[in-house]
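File shown: start19.cif. Contents: mmCIF, C-alpha atoms.
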data_entry
#
loop_
_atom_site.label_atom_id
_atom_site.label_comp_id
_atom_site.auth_asym_id
_atom_site.auth_seq_id
_atom_site.Cartn_x
_atom_site.Cartn_y
_atom_site.Cartn_z
CA ARG W 1 94.41 -19.59 77.89
CA VAL W 2 96.38 -16.72 76.39
CA PHE W 3 94.68 -14.90 73.51
CA ASN W 4 96.12 -12.94 70.62
CA ALA W 5 93.51 -10.75 68.93
CA SER W 6 95.97 -9.12 66.54
CA SER W 7 96.67 -10.02 62.91
CA TYR W 8 100.25 -11.00 63.71
CA SER W 9 101.78 -13.83 65.69
CA ALA W 10 103.04 -12.77 69.09
CA LYS W 11 105.13 -14.05 71.98
CA LYS W 12 104.04 -13.71 75.58
CA VAL W 13 105.64 -14.50 78.92
CA VAL W 14 103.15 -15.97 81.36
CA GLU W 15 104.18 -15.84 85.02
CA LEU W 16 102.82 -17.82 87.96
CA TYR W 17 102.96 -16.32 91.46
CA SER W 18 101.93 -17.26 94.99
CA GLU W 19 100.81 -14.69 97.55
CA PRO W 20 100.16 -15.54 101.22
CA LEU W 21 96.70 -14.51 102.40
CA GLU W 22 97.24 -15.23 106.09
CA GLU W 23 99.83 -13.97 108.54
CA GLY W 24 101.79 -16.94 109.82
CA ASN W 25 104.84 -17.44 111.98
CA ALA W 26 107.26 -17.49 109.07
CA PHE W 27 108.53 -14.47 107.20
CA LYS W 28 106.99 -14.50 103.72
CA PRO W 29 107.57 -12.16 100.79
CA LYS W 30 104.44 -10.42 99.55
CA ARG W 31 104.58 -12.34 96.28
CA VAL W 32 106.81 -15.17 95.01
CA LEU W 33 107.45 -16.13 91.39
CA ILE W 34 106.85 -19.89 91.15
CA ALA W 35 107.29 -20.45 87.42
CA PHE W 36 107.05 -18.78 84.03
CA LYS W 37 106.69 -19.83 80.40
CA LYS W 38 107.27 -18.05 77.11
CA VAL W 39 104.71 -19.02 74.47
CA GLU W 40 104.14 -18.09 70.84
CA ILE W 41 100.54 -17.34 69.88
CA PRO W 42 99.39 -17.39 66.24
CA ALA W 43 97.40 -14.44 64.93
CA LYS W 44 93.77 -14.33 66.09
CA SER W 45 94.24 -17.46 68.13
CA SER W 46 94.88 -18.68 71.66
CA VAL W 47 97.28 -21.03 73.41
CA LYS W 48 96.69 -23.07 76.54
CA VAL W 49 99.42 -22.67 79.14
CA ASP W 50 99.78 -25.34 81.84
CA PHE W 51 101.77 -25.10 85.06
CA ASP W 52 102.60 -27.87 87.52
CA ILE W 53 102.51 -26.60 91.10
CA ARG W 54 104.49 -28.65 93.60
CA PHE W 55 104.27 -28.74 97.38
CA ASP W 56 107.91 -27.62 97.55
CA ASP W 57 107.05 -24.44 95.65
CA PHE W 58 105.70 -23.08 98.94
CA ARG W 59 108.80 -23.78 101.02
CA ILE W 60 110.09 -21.01 103.23
CA TYR W 61 113.24 -20.82 105.30
CA ASP W 62 112.88 -21.42 109.03
CA PRO W 63 115.91 -19.87 110.78
CA SER W 64 115.06 -21.50 114.11
CA SER W 65 115.68 -24.96 112.63
CA SER W 66 117.94 -23.91 109.72
CA SER W 67 115.73 -25.81 107.31
CA TRP W 68 113.10 -25.30 104.63
CA LYS W 69 109.47 -25.89 105.58
CA VAL W 70 105.96 -25.38 104.26
CA GLU W 71 103.59 -23.44 106.50
CA ALA W 72 99.88 -24.23 106.37
CA GLY W 73 97.47 -21.48 105.37
CA LYS W 74 95.56 -19.81 102.57
CA VAL W 75 97.51 -18.80 99.48
CA ALA W 76 96.49 -17.00 96.31
CA ILE W 77 97.77 -18.49 93.05
CA GLU W 78 98.13 -15.65 90.56
CA VAL W 79 98.78 -15.57 86.82
CA GLY W 80 99.87 -12.56 84.81
CA GLU W 81 102.43 -10.99 82.50
CA SER W 82 104.26 -9.57 85.54
CA CYS W 83 103.72 -9.08 89.27
CA GLN W 84 102.06 -5.76 88.44
CA GLU W 85 99.74 -7.23 85.80
CA ILE W 86 97.86 -10.07 87.49
CA VAL W 87 94.86 -11.26 85.45
CA LEU W 88 93.85 -14.52 87.13
CA VAL W 89 93.64 -15.39 90.84
CA LYS W 90 92.71 -18.67 92.54
CA GLU W 91 92.69 -19.20 96.30
CA ILE W 92 93.94 -22.51 97.70
CA GLN W 93 94.47 -23.97 101.16
CA ILE W 94 97.88 -25.45 101.97
CA VAL W 95 97.84 -28.35 104.42
CA SER W 96 101.11 -29.02 106.22
CA ASP W 97 102.29 -30.50 109.52
CA ASP W 98 105.48 -28.41 109.57
CA VAL W 99 105.91 -26.29 112.69
CA ILE W 100 107.64 -22.92 112.36
CA GLN W 101 108.55 -20.73 115.31
CA SER W 102 107.87 -17.03 114.98
CA GLN W 103 110.94 -14.82 114.67
CA ARG W 104 109.11 -11.49 114.98
CA LEU W 105 110.88 -10.48 118.18
CA LYS W 106 114.30 -11.33 116.73
CA MET W 107 113.74 -9.89 113.25
CA PRO W 108 111.06 -7.19 113.48
CA THR W 109 112.11 -5.27 110.36
CA TYR W 110 111.76 -8.33 108.14
CA TYR W 111 108.17 -8.83 109.26
CA SER W 112 107.25 -5.13 109.22
CA PRO W 113 108.88 -3.43 106.21
CA THR W 114 108.62 0.33 105.87
CA LYS W 115 107.26 2.12 102.82
CA ASP W 116 110.87 2.38 101.61
CA GLY W 117 111.44 -1.37 101.87
CA PHE W 118 113.26 -3.50 104.39
CA LEU W 119 115.63 -1.96 106.90
CA GLN W 120 118.61 -4.30 106.84
CA PHE W 121 119.88 -4.20 110.41
CA ASP W 122 122.81 -6.49 111.15
CA ASN W 123 121.19 -8.03 114.22
CA ASP W 124 118.11 -8.93 112.17
CA PHE W 125 120.18 -10.51 109.45
CA GLU W 126 122.35 -12.38 111.95
CA ALA W 127 119.20 -13.95 113.39
CA LEU W 128 118.20 -15.11 109.91
CA TYR W 129 121.74 -16.11 108.93
CA GLY W 130 122.23 -18.12 112.12
CA ARG W 131 125.61 -16.69 113.15
CA PRO W 132 127.36 -13.33 113.62
CA ILE W 133 128.39 -11.30 110.61
CA ALA W 134 132.15 -10.92 110.38
CA MET W 135 133.42 -7.35 110.20
CA GLU W 136 134.93 -6.93 106.76
CA ARG W 137 136.89 -4.32 104.85
CA ASP W 138 135.51 -1.86 102.29
CA PRO W 139 133.10 -3.91 100.15
CA LYS W 140 133.09 -1.44 97.25
CA SER W 141 136.41 -2.66 95.88
CA LYS W 142 138.29 -5.94 95.67
CA PRO W 143 138.27 -8.19 97.49
CA TYR W 144 134.47 -8.09 97.48
CA ASN W 145 132.54 -9.68 100.33
CA LEU W 146 128.95 -10.49 101.25
CA ASN W 147 128.30 -6.85 102.14
CA SER W 148 129.18 -5.77 98.60
CA THR W 149 126.20 -4.78 96.49
CA PHE W 150 125.39 -5.76 92.92
CA SER W 151 126.35 -2.21 91.99
CA ASP W 152 129.77 -2.72 93.61
CA ILE W 153 130.61 -5.92 91.76
CA SER W 154 129.42 -4.35 88.49
CA ARG W 155 132.80 -2.62 88.44
CA THR W 156 134.15 -5.94 87.13
CA TRP W 157 133.34 -7.63 83.81
CA ILE W 158 131.93 -10.76 85.44
CA GLY W 159 129.95 -8.60 87.86
CA ARG W 160 128.30 -6.79 84.96
CA GLN W 161 127.38 -10.12 83.38
CA ILE W 162 125.87 -11.36 86.65
CA PHE W 163 123.85 -8.17 87.05
CA SER W 164 122.70 -8.27 83.43
CA VAL W 165 121.44 -11.85 83.69
CA ALA W 166 119.70 -11.22 87.03
CA ALA W 167 118.07 -8.01 85.78
CA LYS W 168 116.84 -9.71 82.62
CA LYS W 169 115.38 -12.67 84.50
CA ALA W 170 113.59 -10.35 86.94
CA HIS W 171 112.39 -8.07 84.08
CA LEU W 172 114.09 -5.09 85.73
CA ASN W 173 114.86 -3.54 82.35
CA ASP W 174 111.18 -3.36 81.42
CA PRO W 175 109.44 0.04 81.44
CA GLY W 176 108.05 0.95 84.84
CA HIS W 177 110.63 -1.08 86.79
CA GLU W 178 113.22 1.67 87.21
CA SER W 179 112.77 1.87 91.00
CA ASP W 180 113.00 -1.93 91.32
CA LYS W 181 116.24 -1.92 89.34
CA ALA W 182 117.70 0.85 91.50
CA PHE W 183 116.77 -1.09 94.64
CA PHE W 184 118.34 -4.27 93.24
CA GLU W 185 121.59 -2.44 92.45
CA GLN W 186 121.98 -1.58 96.15
CA THR W 187 121.13 -5.08 97.37
CA PRO W 188 124.03 -6.79 99.24
CA LEU W 189 125.15 -10.19 98.00
CA ARG W 190 124.23 -11.65 101.38
CA ASN W 191 120.56 -10.90 100.66
CA VAL W 192 120.50 -13.56 97.94
CA ILE W 193 119.47 -15.95 100.74
CA MET W 194 116.09 -14.18 100.82
CA SER W 195 115.37 -15.33 97.26
CA GLY W 196 115.37 -18.95 98.39
CA LEU W 197 118.60 -19.88 96.60
CA GLY W 198 120.65 -20.27 99.77
CA ILE W 199 123.75 -18.59 101.15
CA LYS W 200 126.09 -20.67 98.97
CA TYR W 201 124.98 -18.61 95.97
CA SER W 202 126.06 -15.44 97.78
CA TYR W 203 129.52 -16.91 98.27
CA LEU W 204 129.64 -18.01 94.63
CA LEU W 205 128.82 -14.50 93.38
CA ARG W 206 131.45 -13.03 95.71
CA ASP W 207 134.13 -15.46 94.52
CA LEU W 208 133.32 -14.89 90.85
CA ALA W 209 133.43 -11.11 91.31
CA ASN W 210 136.86 -11.50 92.92
CA GLY W 211 138.09 -13.52 89.95
CA HIS W 212 138.26 -16.83 91.84
CA PHE W 213 136.48 -18.76 89.10
CA VAL W 214 137.85 -22.27 89.60
CA SER W 215 138.10 -22.23 93.40
CA GLY W 216 134.73 -20.46 93.69
CA ILE W 217 132.88 -23.01 91.57
CA PHE W 218 134.71 -25.87 93.31
CA ALA W 219 133.71 -24.53 96.74
CA PHE W 220 130.13 -24.03 95.53
CA LEU W 221 129.84 -27.63 94.35
CA LEU W 222 131.31 -28.99 97.59
CA GLY W 223 129.33 -26.62 99.80
CA ILE W 224 132.47 -25.06 101.30
CA HIS W 225 131.95 -21.52 102.60
CA GLN W 226 134.94 -19.37 103.48
CA ASP W 227 134.49 -15.92 105.03
#
Kindly present the structure from the file in structure tokens form.
Amino acid sequence: RVFNASSYSAKKVVELYSEPLEEGNAFKPKRVLIAFKKVEIPAKSSVKVDFDIRFDDFRIYDPSSSSWKVEAGKVAIEVGESCQEIVLVKEIQIVSDDVIQSQRLKMPTYYSPTKDGFLQFDNDFEALYGRPIAMERDPKSKPYNLNSTFSDISRTWIGRQIFSVAAKKAHLNDPGHESDKAFFEQTPLRNVIMSGLGIKYSYLLRDLANGHFVSGIFAFLLGIHQD
């Protein structure tokens, strides 16, 4: 339950996260946002917030089979106002028959991030991506490509809208998230695959930033990827 001890009604965003407690074969982010809800709480009252957790919420990408799988192991289910304000934790055991091959030798920097974050080496990303990365021209100006960052595409109107929506959804404009926002600005479009959305979203963002609205959306819907 979410409580409001004040004399005024209030709105709260309740977020649900999962955090792996065991080191498995698959690369896993430290914490993953599963769901969130915005609720209005009357003055001096409380509201019950329910979440439905699905098996697919624990899917992770297996580059060795180019498919999404669920790895067995202990996971912490966490509830809070943000990833930095966790107030409730429950440990669960995931049971799965999926087999995932370790990619630690192929992608060491993804499994062992430094204090400054992940070192995005091309050979590591190629192992995750499943094929070589094409050498492309300057990504800081049109035509943008998958190596262009969110900061690069923000030079266009549509790029600014994309960045604004993404920053708002990830609460990057909230106080205390300045470093996260700066990191996100320098994130290449190709890294969208790490969010679980899939590489087709990277291509869609690239096409929209280049002004290819109709052809970009058409290719996205048909699953056509053009380098």
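Of the listed residues (W:Thr149, W:Gly73, W:Ser6, W:Lys168), W:Gly73 comes nearest to Glu23 of chain W; the distances count all atoms listed in the file.
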Please determine the residues with any atom at most 8 Å from (93.8, -20.6, 76.5) (coordinates as given in the file, with only C-alpha atoms counting) and report them as an mmCIF file with C-alpha atoms, in the frame of the given file.
data_model
loop_
_atom_site.group_PDB
_atom_site.id
_atom_site.type_symbol
_atom_site.label_atom_id
_atom_site.label_comp_id
_atom_site.auth_asym_id
_atom_site.auth_seq_id
_atom_site.Cartn_x
_atom_site.Cartn_y
_atom_site.Cartn_z
ATOM 1 C CA ARG W 1 94.410 -19.590 77.890
ATOM 2 C CA VAL W 2 96.380 -16.720 76.390
ATOM 3 C CA PHE W 3 94.680 -14.900 73.510
ATOM 4 C CA SER W 46 94.880 -18.680 71.660
ATOM 5 C CA VAL W 47 97.280 -21.030 73.410
ATOM 6 C CA LYS W 48 96.690 -23.070 76.540
ATOM 7 C CA VAL W 49 99.420 -22.670 79.140
#
- prompt: So which residues touch segment 201-206 of chain W within 7 Å, counting all atoms listed in the file, skipping near sequence neighbours fewer than 5 positions away, as a list in words?
  reply: Tyr144, Asn145, Leu146, Leu189, Arg190, Val192, Gly216, Ile217, Phe220 and His225 of chain W
Minimum-distance residue to Asp180 of chain W, chosen among W:Arg59, W:Ile224, W:Ser66, W:Gln84 (using all atoms listed in the file): W:Gln84
query: Which value, in Å to one decimal, gives the distance between atom CA of Tyr61 of chain W and atom CA of Glu19 of chain W?
result: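 Spanning atom CA of Tyr61 of chain W to atom CA of Glu19 of chain W is a straight-line distance of 15.9 Å.
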